[in-house]
file model_33.txt (compact mmCIF, N, CA and C atoms)
# COMPACT_ATOMS: atom_id res chain seq x y z
N MET A 15 -10.25 -5.92 -10.21
CA MET A 15 -10.33 -4.73 -11.03
C MET A 15 -8.92 -4.33 -11.46
N THR A 16 -8.81 -3.70 -12.61
CA THR A 16 -7.52 -3.29 -13.14
C THR A 16 -7.54 -1.81 -13.50
N LEU A 17 -6.48 -1.12 -13.11
CA LEU A 17 -6.25 0.27 -13.51
C LEU A 17 -4.88 0.32 -14.18
N GLU A 18 -4.63 1.43 -14.88
CA GLU A 18 -3.35 1.56 -15.56
C GLU A 18 -2.79 2.95 -15.34
N ILE A 19 -1.49 3.02 -15.13
CA ILE A 19 -0.78 4.29 -15.06
C ILE A 19 0.02 4.38 -16.36
N THR A 20 -0.36 5.32 -17.19
CA THR A 20 0.32 5.45 -18.48
C THR A 20 1.53 6.36 -18.41
N SER A 21 1.54 7.29 -17.43
CA SER A 21 2.68 8.19 -17.26
C SER A 21 2.63 8.77 -15.84
N LEU A 22 3.75 9.34 -15.41
CA LEU A 22 3.76 9.97 -14.08
C LEU A 22 2.80 11.14 -14.02
N ASN A 23 2.54 11.78 -15.14
CA ASN A 23 1.59 12.89 -15.18
C ASN A 23 0.17 12.43 -14.86
N GLN A 24 -0.09 11.16 -15.04
CA GLN A 24 -1.44 10.61 -14.86
C GLN A 24 -1.60 9.84 -13.55
N ILE A 25 -0.54 9.72 -12.76
CA ILE A 25 -0.56 8.88 -11.56
C ILE A 25 -1.58 9.36 -10.52
N ARG A 26 -1.74 10.68 -10.38
CA ARG A 26 -2.70 11.20 -9.40
C ARG A 26 -4.12 10.84 -9.78
N GLN A 27 -4.45 10.89 -11.08
CA GLN A 27 -5.80 10.51 -11.52
C GLN A 27 -6.04 9.03 -11.24
N THR A 28 -5.03 8.20 -11.47
CA THR A 28 -5.16 6.77 -11.19
C THR A 28 -5.34 6.54 -9.69
N ALA A 29 -4.62 7.31 -8.88
CA ALA A 29 -4.77 7.21 -7.42
C ALA A 29 -6.20 7.58 -7.01
N LYS A 30 -6.72 8.62 -7.62
CA LYS A 30 -8.10 9.05 -7.33
C LYS A 30 -9.09 7.95 -7.73
N ASP A 31 -8.90 7.38 -8.91
CA ASP A 31 -9.77 6.28 -9.37
C ASP A 31 -9.67 5.08 -8.43
N PHE A 32 -8.46 4.80 -7.97
CA PHE A 32 -8.21 3.68 -7.04
C PHE A 32 -8.99 3.91 -5.74
N LEU A 33 -8.89 5.10 -5.19
CA LEU A 33 -9.59 5.40 -3.94
C LEU A 33 -11.11 5.28 -4.10
N GLN A 34 -11.62 5.71 -5.22
CA GLN A 34 -13.06 5.58 -5.47
C GLN A 34 -13.47 4.12 -5.58
N ALA A 35 -12.64 3.32 -6.26
CA ALA A 35 -12.96 1.91 -6.47
C ALA A 35 -12.81 1.07 -5.20
N THR A 36 -12.03 1.56 -4.25
CA THR A 36 -11.77 0.78 -3.03
C THR A 36 -12.37 1.42 -1.79
N GLU A 37 -13.33 2.30 -1.99
CA GLU A 37 -13.96 3.01 -0.87
C GLU A 37 -14.43 2.01 0.19
N GLY A 38 -14.11 2.34 1.44
CA GLY A 38 -14.48 1.46 2.54
C GLY A 38 -13.35 0.54 2.99
N LYS A 39 -12.36 0.36 2.14
CA LYS A 39 -11.19 -0.46 2.51
C LYS A 39 -10.15 0.44 3.16
N THR A 40 -9.41 -0.12 4.11
CA THR A 40 -8.37 0.68 4.76
C THR A 40 -7.00 0.01 4.77
N VAL A 41 -6.94 -1.30 4.58
CA VAL A 41 -5.65 -2.00 4.64
C VAL A 41 -5.33 -2.56 3.26
N PHE A 42 -4.17 -2.14 2.73
CA PHE A 42 -3.77 -2.49 1.37
C PHE A 42 -2.37 -3.10 1.37
N ALA A 43 -2.23 -4.26 0.75
CA ALA A 43 -0.94 -4.94 0.62
C ALA A 43 -0.46 -4.76 -0.82
N PHE A 44 0.63 -4.05 -1.00
CA PHE A 44 1.16 -3.73 -2.33
C PHE A 44 2.25 -4.73 -2.72
N TYR A 45 1.97 -5.48 -3.78
CA TYR A 45 2.91 -6.46 -4.31
C TYR A 45 3.50 -5.94 -5.61
N GLY A 46 4.76 -6.22 -5.83
CA GLY A 46 5.41 -5.84 -7.08
C GLY A 46 6.91 -5.95 -6.94
N LEU A 47 7.56 -6.09 -8.06
CA LEU A 47 9.02 -6.19 -8.05
C LEU A 47 9.64 -4.86 -7.61
N MET A 48 10.90 -4.92 -7.21
CA MET A 48 11.64 -3.70 -6.89
C MET A 48 11.58 -2.78 -8.11
N GLY A 49 11.21 -1.53 -7.90
CA GLY A 49 11.14 -0.56 -8.99
C GLY A 49 9.83 -0.57 -9.76
N ALA A 50 8.86 -1.37 -9.35
CA ALA A 50 7.58 -1.44 -10.05
C ALA A 50 6.74 -0.17 -9.87
N GLY A 51 7.00 0.56 -8.80
CA GLY A 51 6.26 1.80 -8.57
C GLY A 51 5.36 1.78 -7.35
N LYS A 52 5.59 0.86 -6.44
CA LYS A 52 4.76 0.78 -5.24
C LYS A 52 4.80 2.08 -4.45
N THR A 53 5.99 2.56 -4.14
CA THR A 53 6.13 3.78 -3.34
C THR A 53 5.56 4.98 -4.08
N SER A 54 5.80 5.08 -5.36
CA SER A 54 5.28 6.22 -6.14
C SER A 54 3.76 6.23 -6.14
N PHE A 55 3.15 5.06 -6.27
CA PHE A 55 1.70 5.00 -6.28
C PHE A 55 1.13 5.31 -4.89
N ILE A 56 1.76 4.79 -3.85
CA ILE A 56 1.32 5.09 -2.48
C ILE A 56 1.45 6.59 -2.22
N LYS A 57 2.52 7.19 -2.69
CA LYS A 57 2.70 8.65 -2.53
C LYS A 57 1.54 9.39 -3.20
N ALA A 58 1.17 8.99 -4.41
CA ALA A 58 0.06 9.64 -5.12
C ALA A 58 -1.26 9.46 -4.37
N ILE A 59 -1.48 8.27 -3.81
CA ILE A 59 -2.70 8.02 -3.03
C ILE A 59 -2.72 8.95 -1.81
N CYS A 60 -1.58 9.02 -1.11
CA CYS A 60 -1.50 9.89 0.08
C CYS A 60 -1.77 11.35 -0.29
N GLU A 61 -1.22 11.79 -1.41
CA GLU A 61 -1.46 13.16 -1.85
C GLU A 61 -2.94 13.37 -2.16
N GLU A 62 -3.58 12.38 -2.76
CA GLU A 62 -5.02 12.49 -3.04
C GLU A 62 -5.83 12.56 -1.75
N LEU A 63 -5.34 11.95 -0.71
CA LEU A 63 -6.02 11.96 0.59
C LEU A 63 -5.71 13.23 1.39
N GLY A 64 -4.83 14.09 0.83
CA GLY A 64 -4.56 15.38 1.45
C GLY A 64 -3.32 15.47 2.30
N VAL A 65 -2.43 14.47 2.24
CA VAL A 65 -1.20 14.51 3.03
C VAL A 65 -0.33 15.66 2.52
N LYS A 66 0.15 16.48 3.44
CA LYS A 66 1.04 17.60 3.11
C LYS A 66 2.49 17.30 3.52
N ASP A 67 2.70 16.26 4.31
CA ASP A 67 4.04 15.88 4.75
C ASP A 67 4.86 15.34 3.58
N VAL A 68 6.17 15.25 3.78
CA VAL A 68 7.03 14.59 2.80
C VAL A 68 6.71 13.10 2.88
N ILE A 69 6.46 12.49 1.74
CA ILE A 69 6.08 11.08 1.68
C ILE A 69 7.22 10.30 1.04
N ASN A 70 7.77 9.36 1.79
CA ASN A 70 8.82 8.52 1.24
C ASN A 70 8.73 7.12 1.83
N SER A 71 9.48 6.21 1.26
CA SER A 71 9.43 4.83 1.72
C SER A 71 10.03 4.70 3.12
N PRO A 72 9.35 4.00 4.00
CA PRO A 72 9.88 3.78 5.35
C PRO A 72 10.82 2.58 5.42
N THR A 73 11.73 2.49 4.47
CA THR A 73 12.61 1.32 4.36
C THR A 73 13.33 1.01 5.66
N PHE A 74 13.87 2.00 6.33
CA PHE A 74 14.63 1.75 7.55
C PHE A 74 13.77 1.90 8.81
N ALA A 75 12.79 2.77 8.77
CA ALA A 75 11.92 2.98 9.93
C ALA A 75 10.84 1.91 10.04
N ILE A 76 10.57 1.19 8.96
CA ILE A 76 9.51 0.19 8.81
C ILE A 76 8.13 0.82 8.67
N VAL A 77 7.83 1.87 9.44
CA VAL A 77 6.52 2.51 9.31
C VAL A 77 6.67 4.03 9.40
N ASN A 78 5.99 4.72 8.50
CA ASN A 78 5.87 6.19 8.56
C ASN A 78 4.40 6.50 8.81
N GLU A 79 4.17 7.57 9.56
CA GLU A 79 2.80 8.03 9.81
C GLU A 79 2.62 9.40 9.18
N TYR A 80 1.51 9.55 8.46
CA TYR A 80 1.16 10.82 7.83
C TYR A 80 -0.21 11.25 8.35
N SER A 81 -0.38 12.55 8.52
CA SER A 81 -1.67 13.09 8.95
C SER A 81 -2.48 13.48 7.73
N ILE A 82 -3.80 13.29 7.82
CA ILE A 82 -4.70 13.72 6.76
C ILE A 82 -5.67 14.76 7.33
N PRO A 83 -6.21 15.61 6.46
CA PRO A 83 -7.02 16.75 6.92
C PRO A 83 -8.22 16.40 7.81
N ASN A 84 -8.79 15.21 7.67
CA ASN A 84 -9.95 14.86 8.50
C ASN A 84 -9.57 14.50 9.93
N GLY A 85 -8.27 14.61 10.25
CA GLY A 85 -7.80 14.30 11.60
C GLY A 85 -7.31 12.87 11.73
N GLY A 86 -7.45 12.08 10.68
CA GLY A 86 -6.99 10.70 10.70
C GLY A 86 -5.51 10.57 10.36
N SER A 87 -5.08 9.33 10.29
CA SER A 87 -3.68 9.03 9.97
C SER A 87 -3.60 8.02 8.85
N ILE A 88 -2.46 8.02 8.21
CA ILE A 88 -2.11 7.00 7.23
C ILE A 88 -0.83 6.36 7.73
N TYR A 89 -0.80 5.03 7.74
CA TYR A 89 0.40 4.30 8.12
C TYR A 89 0.97 3.63 6.87
N HIS A 90 2.22 3.93 6.58
CA HIS A 90 2.89 3.43 5.39
C HIS A 90 4.03 2.51 5.86
N PHE A 91 3.92 1.23 5.52
CA PHE A 91 4.86 0.22 5.97
C PHE A 91 5.76 -0.25 4.83
N ASP A 92 6.98 -0.62 5.18
CA ASP A 92 7.89 -1.28 4.25
C ASP A 92 8.55 -2.42 5.03
N PHE A 93 8.11 -3.64 4.73
CA PHE A 93 8.62 -4.80 5.46
C PHE A 93 9.77 -5.50 4.75
N TYR A 94 10.38 -4.84 3.77
CA TYR A 94 11.45 -5.45 2.98
C TYR A 94 12.61 -5.93 3.85
N ARG A 95 12.97 -5.17 4.84
CA ARG A 95 14.18 -5.47 5.63
C ARG A 95 13.95 -6.33 6.87
N ILE A 96 12.70 -6.69 7.17
CA ILE A 96 12.54 -7.51 8.37
C ILE A 96 13.07 -8.92 8.11
N GLN A 97 13.64 -9.49 9.13
CA GLN A 97 14.25 -10.81 9.02
C GLN A 97 13.35 -11.93 9.51
N LYS A 98 12.48 -11.60 10.47
CA LYS A 98 11.58 -12.61 11.02
C LYS A 98 10.27 -11.96 11.44
N LEU A 99 9.24 -12.77 11.48
CA LEU A 99 7.89 -12.30 11.77
C LEU A 99 7.79 -11.60 13.13
N GLU A 100 8.60 -11.99 14.06
CA GLU A 100 8.56 -11.40 15.40
C GLU A 100 8.79 -9.89 15.37
N GLU A 101 9.51 -9.41 14.36
CA GLU A 101 9.76 -7.97 14.25
C GLU A 101 8.45 -7.22 14.03
N ALA A 102 7.52 -7.81 13.31
CA ALA A 102 6.20 -7.19 13.11
C ALA A 102 5.42 -7.18 14.42
N PHE A 103 5.56 -8.24 15.22
CA PHE A 103 4.92 -8.27 16.54
C PHE A 103 5.50 -7.18 17.43
N ASP A 104 6.83 -7.04 17.40
CA ASP A 104 7.49 -6.01 18.21
C ASP A 104 7.04 -4.60 17.81
N LEU A 105 6.74 -4.43 16.55
CA LEU A 105 6.27 -3.15 16.03
C LEU A 105 4.85 -2.83 16.49
N GLY A 106 4.11 -3.87 16.89
CA GLY A 106 2.71 -3.70 17.28
C GLY A 106 1.79 -3.58 16.09
N TYR A 107 2.04 -4.42 15.08
CA TYR A 107 1.29 -4.35 13.82
C TYR A 107 -0.23 -4.35 14.01
N GLU A 108 -0.74 -5.08 15.01
CA GLU A 108 -2.19 -5.18 15.20
C GLU A 108 -2.83 -3.82 15.48
N GLU A 109 -2.14 -2.99 16.26
CA GLU A 109 -2.67 -1.67 16.57
C GLU A 109 -2.86 -0.85 15.30
N TYR A 110 -1.98 -1.03 14.34
CA TYR A 110 -2.08 -0.31 13.07
C TYR A 110 -3.14 -0.94 12.16
N PHE A 111 -3.00 -2.24 11.91
CA PHE A 111 -3.86 -2.92 10.93
C PHE A 111 -5.34 -2.90 11.31
N TYR A 112 -5.63 -2.87 12.61
CA TYR A 112 -7.01 -2.90 13.07
C TYR A 112 -7.47 -1.55 13.64
N SER A 113 -6.75 -0.49 13.30
CA SER A 113 -7.07 0.85 13.81
C SER A 113 -8.22 1.52 13.07
N GLY A 114 -8.53 1.02 11.87
CA GLY A 114 -9.53 1.68 11.05
C GLY A 114 -8.93 2.80 10.20
N GLU A 115 -7.65 3.08 10.39
CA GLU A 115 -6.94 4.09 9.60
C GLU A 115 -6.37 3.41 8.35
N TYR A 116 -6.01 4.22 7.36
CA TYR A 116 -5.38 3.67 6.16
C TYR A 116 -4.03 3.06 6.50
N CYS A 117 -3.79 1.86 5.98
CA CYS A 117 -2.50 1.18 6.11
C CYS A 117 -2.07 0.73 4.71
N PHE A 118 -0.94 1.24 4.26
CA PHE A 118 -0.38 0.88 2.97
C PHE A 118 0.90 0.09 3.23
N ILE A 119 0.92 -1.16 2.78
CA ILE A 119 1.98 -2.10 3.15
C ILE A 119 2.79 -2.50 1.92
N GLU A 120 4.07 -2.14 1.91
CA GLU A 120 4.98 -2.59 0.87
C GLU A 120 5.68 -3.85 1.36
N TRP A 121 5.96 -4.76 0.46
CA TRP A 121 6.58 -6.05 0.75
C TRP A 121 5.78 -6.86 1.78
N PRO A 122 4.48 -7.05 1.54
CA PRO A 122 3.65 -7.83 2.47
C PRO A 122 4.00 -9.31 2.47
N GLU A 123 4.76 -9.76 1.48
CA GLU A 123 5.17 -11.17 1.43
C GLU A 123 5.87 -11.57 2.73
N MET A 124 6.52 -10.62 3.37
CA MET A 124 7.28 -10.90 4.58
C MET A 124 6.39 -11.17 5.79
N ILE A 125 5.11 -10.74 5.71
CA ILE A 125 4.22 -10.86 6.88
C ILE A 125 2.84 -11.38 6.49
N GLU A 126 2.73 -12.10 5.40
CA GLU A 126 1.41 -12.48 4.87
C GLU A 126 0.50 -13.12 5.89
N SER A 127 1.04 -13.94 6.77
CA SER A 127 0.17 -14.62 7.74
C SER A 127 -0.45 -13.65 8.74
N LEU A 128 0.03 -12.42 8.80
CA LEU A 128 -0.49 -11.43 9.74
C LEU A 128 -1.50 -10.47 9.12
N LEU A 129 -1.65 -10.53 7.79
CA LEU A 129 -2.55 -9.60 7.12
C LEU A 129 -4.00 -9.90 7.49
N PRO A 130 -4.78 -8.87 7.77
CA PRO A 130 -6.18 -9.09 8.14
C PRO A 130 -7.01 -9.55 6.93
N GLU A 131 -8.12 -10.20 7.20
CA GLU A 131 -8.99 -10.71 6.13
C GLU A 131 -9.56 -9.62 5.25
N ASN A 132 -9.73 -8.43 5.79
CA ASN A 132 -10.31 -7.34 5.01
C ASN A 132 -9.27 -6.59 4.18
N CYS A 133 -8.07 -7.11 4.11
CA CYS A 133 -6.98 -6.48 3.37
C CYS A 133 -7.21 -6.63 1.86
N LEU A 134 -6.81 -5.62 1.12
CA LEU A 134 -6.90 -5.66 -0.33
C LEU A 134 -5.50 -5.88 -0.90
N ALA A 135 -5.34 -6.91 -1.72
CA ALA A 135 -4.06 -7.18 -2.39
C ALA A 135 -3.99 -6.31 -3.64
N VAL A 136 -2.92 -5.54 -3.76
CA VAL A 136 -2.73 -4.64 -4.89
C VAL A 136 -1.44 -5.07 -5.60
N HIS A 137 -1.57 -5.52 -6.84
CA HIS A 137 -0.42 -6.00 -7.61
C HIS A 137 -0.06 -4.95 -8.65
N ILE A 138 1.18 -4.46 -8.59
CA ILE A 138 1.66 -3.48 -9.55
C ILE A 138 2.69 -4.15 -10.44
N LYS A 139 2.47 -4.05 -11.73
CA LYS A 139 3.35 -4.71 -12.69
C LYS A 139 3.79 -3.70 -13.75
N GLU A 140 5.09 -3.65 -13.98
CA GLU A 140 5.61 -2.81 -15.05
C GLU A 140 5.45 -3.54 -16.36
N MET A 141 4.86 -2.86 -17.33
CA MET A 141 4.63 -3.44 -18.65
C MET A 141 5.84 -3.13 -19.54
N PRO A 142 6.01 -3.88 -20.63
CA PRO A 142 7.16 -3.66 -21.52
C PRO A 142 7.26 -2.22 -22.05
N ASP A 143 6.13 -1.53 -22.19
CA ASP A 143 6.15 -0.16 -22.70
C ASP A 143 6.35 0.89 -21.60
N GLY A 144 6.60 0.43 -20.35
CA GLY A 144 6.84 1.33 -19.23
C GLY A 144 5.60 1.70 -18.44
N LYS A 145 4.44 1.41 -18.96
CA LYS A 145 3.20 1.66 -18.21
C LYS A 145 3.14 0.72 -17.02
N ARG A 146 2.30 1.06 -16.06
CA ARG A 146 2.10 0.22 -14.89
C ARG A 146 0.66 -0.27 -14.89
N GLU A 147 0.50 -1.56 -14.64
CA GLU A 147 -0.82 -2.17 -14.52
C GLU A 147 -1.06 -2.44 -13.04
N ILE A 148 -2.21 -2.02 -12.53
CA ILE A 148 -2.54 -2.20 -11.13
C ILE A 148 -3.78 -3.06 -11.04
N ASN A 149 -3.62 -4.24 -10.45
CA ASN A 149 -4.75 -5.17 -10.24
C ASN A 149 -4.98 -5.27 -8.75
N PHE A 150 -6.24 -5.29 -8.34
CA PHE A 150 -6.51 -5.42 -6.91
C PHE A 150 -7.72 -6.29 -6.67
N GLU A 151 -7.65 -7.00 -5.53
CA GLU A 151 -8.71 -7.92 -5.12
C GLU A 151 -8.57 -8.20 -3.63
N ASP A 152 -9.63 -8.71 -3.03
CA ASP A 152 -9.56 -9.08 -1.61
C ASP A 152 -8.43 -10.07 -1.40
N ILE A 153 -7.76 -9.94 -0.28
CA ILE A 153 -6.57 -10.74 0.00
C ILE A 153 -6.86 -12.24 -0.03
N GLN A 154 -8.03 -12.66 0.44
CA GLN A 154 -8.32 -14.10 0.47
C GLN A 154 -8.51 -14.66 -0.93
N GLN A 155 -8.76 -13.80 -1.93
CA GLN A 155 -8.91 -14.25 -3.31
C GLN A 155 -7.60 -14.18 -4.08
N SER A 156 -6.62 -13.50 -3.51
CA SER A 156 -5.36 -13.27 -4.20
C SER A 156 -4.51 -14.53 -4.29
N ALA A 157 -4.05 -14.83 -5.48
CA ALA A 157 -3.19 -16.00 -5.69
C ALA A 157 -1.88 -15.85 -4.93
N ALA A 158 -1.44 -14.61 -4.75
CA ALA A 158 -0.17 -14.38 -4.04
C ALA A 158 -0.25 -14.75 -2.57
N CYS A 159 -1.46 -14.86 -2.06
CA CYS A 159 -1.62 -15.11 -0.63
C CYS A 159 -2.14 -16.51 -0.34
N SER A 160 -2.19 -17.37 -1.33
CA SER A 160 -2.72 -18.70 -1.06
C SER A 160 -1.61 -19.72 -0.92

call {"tool": "encode", "arguments": {"input": "model_33.txt", "output": "structure tokens"}}
result
Amino acid sequence: MTLEITSLNQIRQTAKDFLQATEGKTVFAFYGLMGAGKTSFIKAICEELGVKDVINSPTFAIVNEYSIPNGGSIYHFDFYRIQKLEEAFDLGYEEYFYSGEYCFIEWPEMIESLLPENCLAVHIKEMPDGKREINFEDIQQSAACS
């Protein structure tokens, strides 16, 4: 499926549409070049889910946790800076990915072999006119993961 973000004013509506289209999924791997808008889109999704905390990229912490009104959590990962797969093991990635809570993963290329089968691959691409195109599919169908 494909969605489009035409402007920052419209990003929350796209996040809402994304959540409706992916209902039942909890683990999302966000692919895209630096500056494509991964963090901005994840922030909009978190806001749609009711997060009141400050939402930013966990570049140095690797994972940020946000609370949502239903008592659940959202785990936001940024694996850009990890050097080896063992760092994800040290982090205890399984406890997060298989928790049933939302997991939003930036730079999943660094840990692809650890992504669960029920993960959704989300590809964000900046278009020449500045719009963002968001394509998503099950991870096992994603060309990026084969």

call {"tool": "closest_residue", "arguments": {"input": "model_33.txt", "among": "A:Leu17, A:Asn70, A:Val77, A:Gly114", "to": "Asp31 (chain A)", "atoms": "all atoms listed in the file"}}
result
A:Leu17

call {"tool": "closest_residue", "arguments": {"input": "model_33.txt", "among": "A:Gly64, A:Gly106, A:Pro83, A:Gly144", "to": "Arg26 (chain A)", "atoms": "only C-alpha atoms"}}
result
A:Gly64

call {"tool": "select_by_dssp", "arguments": {"input": "model_33.txt", "residues": "chain A", "states": "strand (DSSP E or B)", "output": "compact mmCIF listing (two decimals) with N, CA and C atoms, in the frame of the given file"}}
result
# COMPACT_ATOMS: atom_id res chain seq x y z
N THR A 16 -8.81 -3.70 -12.61
CA THR A 16 -7.52 -3.29 -13.14
C THR A 16 -7.54 -1.81 -13.50
N LEU A 17 -6.48 -1.12 -13.11
CA LEU A 17 -6.25 0.27 -13.51
C LEU A 17 -4.88 0.32 -14.18
N GLU A 18 -4.63 1.43 -14.88
CA GLU A 18 -3.35 1.56 -15.56
C GLU A 18 -2.79 2.95 -15.34
N ILE A 19 -1.49 3.02 -15.13
CA ILE A 19 -0.78 4.29 -15.06
C ILE A 19 0.02 4.38 -16.36
N VAL A 41 -6.94 -1.30 4.58
CA VAL A 41 -5.65 -2.00 4.64
C VAL A 41 -5.33 -2.56 3.26
N PHE A 42 -4.17 -2.14 2.73
CA PHE A 42 -3.77 -2.49 1.37
C PHE A 42 -2.37 -3.10 1.37
N ALA A 43 -2.23 -4.26 0.75
CA ALA A 43 -0.94 -4.94 0.62
C ALA A 43 -0.46 -4.76 -0.82
N PHE A 44 0.63 -4.05 -1.00
CA PHE A 44 1.16 -3.73 -2.33
C PHE A 44 2.25 -4.73 -2.72
N TYR A 45 1.97 -5.48 -3.78
CA TYR A 45 2.91 -6.46 -4.31
C TYR A 45 3.50 -5.94 -5.61
N VAL A 77 7.83 1.87 9.44
CA VAL A 77 6.52 2.51 9.31
C VAL A 77 6.67 4.03 9.40
N ASN A 78 5.99 4.72 8.50
CA ASN A 78 5.87 6.19 8.56
C ASN A 78 4.40 6.50 8.81
N GLU A 79 4.17 7.57 9.56
CA GLU A 79 2.80 8.03 9.81
C GLU A 79 2.62 9.40 9.18
N TYR A 80 1.51 9.55 8.46
CA TYR A 80 1.16 10.82 7.83
C TYR A 80 -0.21 11.25 8.35
N SER A 81 -0.38 12.55 8.52
CA SER A 81 -1.67 13.09 8.95
C SER A 81 -2.48 13.48 7.73
N SER A 87 -5.08 9.33 10.29
CA SER A 87 -3.68 9.03 9.97
C SER A 87 -3.60 8.02 8.85
N ILE A 88 -2.46 8.02 8.21
CA ILE A 88 -2.11 7.00 7.23
C ILE A 88 -0.83 6.36 7.73
N TYR A 89 -0.80 5.03 7.74
CA TYR A 89 0.40 4.30 8.12
C TYR A 89 0.97 3.63 6.87
N HIS A 90 2.22 3.93 6.58
CA HIS A 90 2.89 3.43 5.39
C HIS A 90 4.03 2.51 5.86
N PHE A 91 3.92 1.23 5.52
CA PHE A 91 4.86 0.22 5.97
C PHE A 91 5.76 -0.25 4.83
N ASP A 92 6.98 -0.62 5.18
CA ASP A 92 7.89 -1.28 4.25
C ASP A 92 8.55 -2.42 5.03
N TYR A 116 -6.01 4.22 7.36
CA TYR A 116 -5.38 3.67 6.16
C TYR A 116 -4.03 3.06 6.50
N CYS A 117 -3.79 1.86 5.98
CA CYS A 117 -2.50 1.18 6.11
C CYS A 117 -2.07 0.73 4.71
N PHE A 118 -0.94 1.24 4.26
CA PHE A 118 -0.38 0.88 2.97
C PHE A 118 0.90 0.09 3.23
N ILE A 119 0.92 -1.16 2.78
CA ILE A 119 1.98 -2.10 3.15
C ILE A 119 2.79 -2.50 1.92
N GLU A 120 4.07 -2.14 1.91
CA GLU A 120 4.98 -2.59 0.87
C GLU A 120 5.68 -3.85 1.36
N LEU A 134 -6.81 -5.62 1.12
CA LEU A 134 -6.90 -5.66 -0.33
C LEU A 134 -5.50 -5.88 -0.90
N ALA A 135 -5.34 -6.91 -1.72
CA ALA A 135 -4.06 -7.18 -2.39
C ALA A 135 -3.99 -6.31 -3.64
N VAL A 136 -2.92 -5.54 -3.76
CA VAL A 136 -2.73 -4.64 -4.89
C VAL A 136 -1.44 -5.07 -5.60
N HIS A 137 -1.57 -5.52 -6.84
CA HIS A 137 -0.42 -6.00 -7.61
C HIS A 137 -0.06 -4.95 -8.65
N ILE A 138 1.18 -4.46 -8.59
CA ILE A 138 1.66 -3.48 -9.55
C ILE A 138 2.69 -4.15 -10.44
N LYS A 139 2.47 -4.05 -11.73
CA LYS A 139 3.35 -4.71 -12.69
C LYS A 139 3.79 -3.70 -13.75
N GLU A 140 5.09 -3.65 -13.98
CA GLU A 140 5.61 -2.81 -15.05
C GLU A 140 5.45 -3.54 -16.36
N ARG A 146 2.30 1.06 -16.06
CA ARG A 146 2.10 0.22 -14.89
C ARG A 146 0.66 -0.27 -14.89
N GLU A 147 0.50 -1.56 -14.64
CA GLU A 147 -0.82 -2.17 -14.52
C GLU A 147 -1.06 -2.44 -13.04
N ILE A 148 -2.21 -2.02 -12.53
CA ILE A 148 -2.54 -2.20 -11.13
C ILE A 148 -3.78 -3.06 -11.04
N ASN A 149 -3.62 -4.24 -10.45
CA ASN A 149 -4.75 -5.17 -10.24
C ASN A 149 -4.98 -5.27 -8.75
N PHE A 150 -6.24 -5.29 -8.34
CA PHE A 150 -6.51 -5.42 -6.91
C PHE A 150 -7.72 -6.29 -6.67
N GLU A 151 -7.65 -7.00 -5.53
CA GLU A 151 -8.71 -7.92 -5.12
C GLU A 151 -8.57 -8.20 -3.63
N ASP A 152 -9.63 -8.71 -3.03
CA ASP A 152 -9.56 -9.08 -1.61
C ASP A 152 -8.43 -10.07 -1.40

call {"tool": "closest_atom_pairs", "arguments": {"input": "model_33.txt", "of": "region 93-151 of chain A", "to": "region 36-53 of chain A", "cutoff": "6 Å", "atoms": "all atoms listed in the file", "output": "JSON lines"}}
result
{"residue": "A:Gly114", "atom": "C", "partner": "A:Thr40", "partner_atom": "CA", "distance": 5.9}
{"residue": "A:Glu115", "atom": "C", "partner": "A:Thr40", "partner_atom": "CA", "distance": 4.9}
{"residue": "A:Tyr116", "atom": "CA", "partner": "A:Thr40", "partner_atom": "C", "distance": 4.2}
{"residue": "A:Cys117", "atom": "N", "partner": "A:Thr40", "partner_atom": "C", "distance": 3.9}
{"residue": "A:Phe118", "atom": "CA", "partner": "A:Phe42", "partner_atom": "C", "distance": 4.7}
{"residue": "A:Ile119", "atom": "C", "partner": "A:Phe44", "partner_atom": "N", "distance": 3.9}
{"residue": "A:Glu120", "atom": "N", "partner": "A:Phe44", "partner_atom": "N", "distance": 4.9}
{"residue": "A:Trp121", "atom": "N", "partner": "A:Phe44", "partner_atom": "C", "distance": 4.9}
{"residue": "A:Pro122", "atom": "N", "partner": "A:Phe44", "partner_atom": "C", "distance": 5.3}
{"residue": "A:Asn132", "atom": "C", "partner": "A:Val41", "partner_atom": "C", "distance": 5.7}
{"residue": "A:Cys133", "atom": "CA", "partner": "A:Val41", "partner_atom": "C", "distance": 4.3}
{"residue": "A:Leu134", "atom": "C", "partner": "A:Ala43", "partner_atom": "N", "distance": 4.0}
{"residue": "A:Ala135", "atom": "CA", "partner": "A:Ala43", "partner_atom": "C", "distance": 4.6}
{"residue": "A:Val136", "atom": "C", "partner": "A:Tyr45", "partner_atom": "N", "distance": 3.9}
{"residue": "A:His137", "atom": "CA", "partner": "A:Tyr45", "partner_atom": "C", "distance": 4.4}
{"residue": "A:Ile138", "atom": "N", "partner": "A:Tyr45", "partner_atom": "C", "distance": 4.1}
{"residue": "A:Lys139", "atom": "C", "partner": "A:Ala50", "partner_atom": "CA", "distance": 5.8}
{"residue": "A:Glu140", "atom": "N", "partner": "A:Ala50", "partner_atom": "CA", "distance": 5.2}

call {"tool": "select_by_dssp", "arguments": {"input": "model_33.txt", "residues": "region 67-116 of chain A", "states": "helix (DSSP H, G or I)", "output": "list in words"}}
result
Glu100, Glu101, Ala102, Phe103, Asp104, Leu105, Tyr107, Glu108, Glu109, Tyr110 and Phe111 of chain A

call {"tool": "residues_near_point", "arguments": {"input": "model_33.txt", "point": "(-7.8, 9.2, -5.3)", "cutoff": "8 Å", "atoms": "all atoms listed in the file", "output": "PyMOL selection string"}}
result
chain A and resi 26-35+58-63

call {"tool": "residues_around", "arguments": {"input": "model_33.txt", "residues": "Tyr107 (chain A)", "least_positions_apart": "5", "cutoff": "9 Å", "atoms": "only C-alpha atoms", "output": "list in words"}}
result
Ala102, Tyr112 and Leu128 of chain A

call {"tool": "atom_distance", "arguments": {"input": "model_33.txt", "atom1": "atom C of Asp143 (chain A)", "atom2": "CA of Leu22 (chain A)"}}
result
12.1 Å

call {"tool": "atom_distance", "arguments": {"input": "model_33.txt", "atom1": "atom C of Asn149 (chain A)", "atom2": "atom N of Ser127 (chain A)"}}
result
18.8 Å
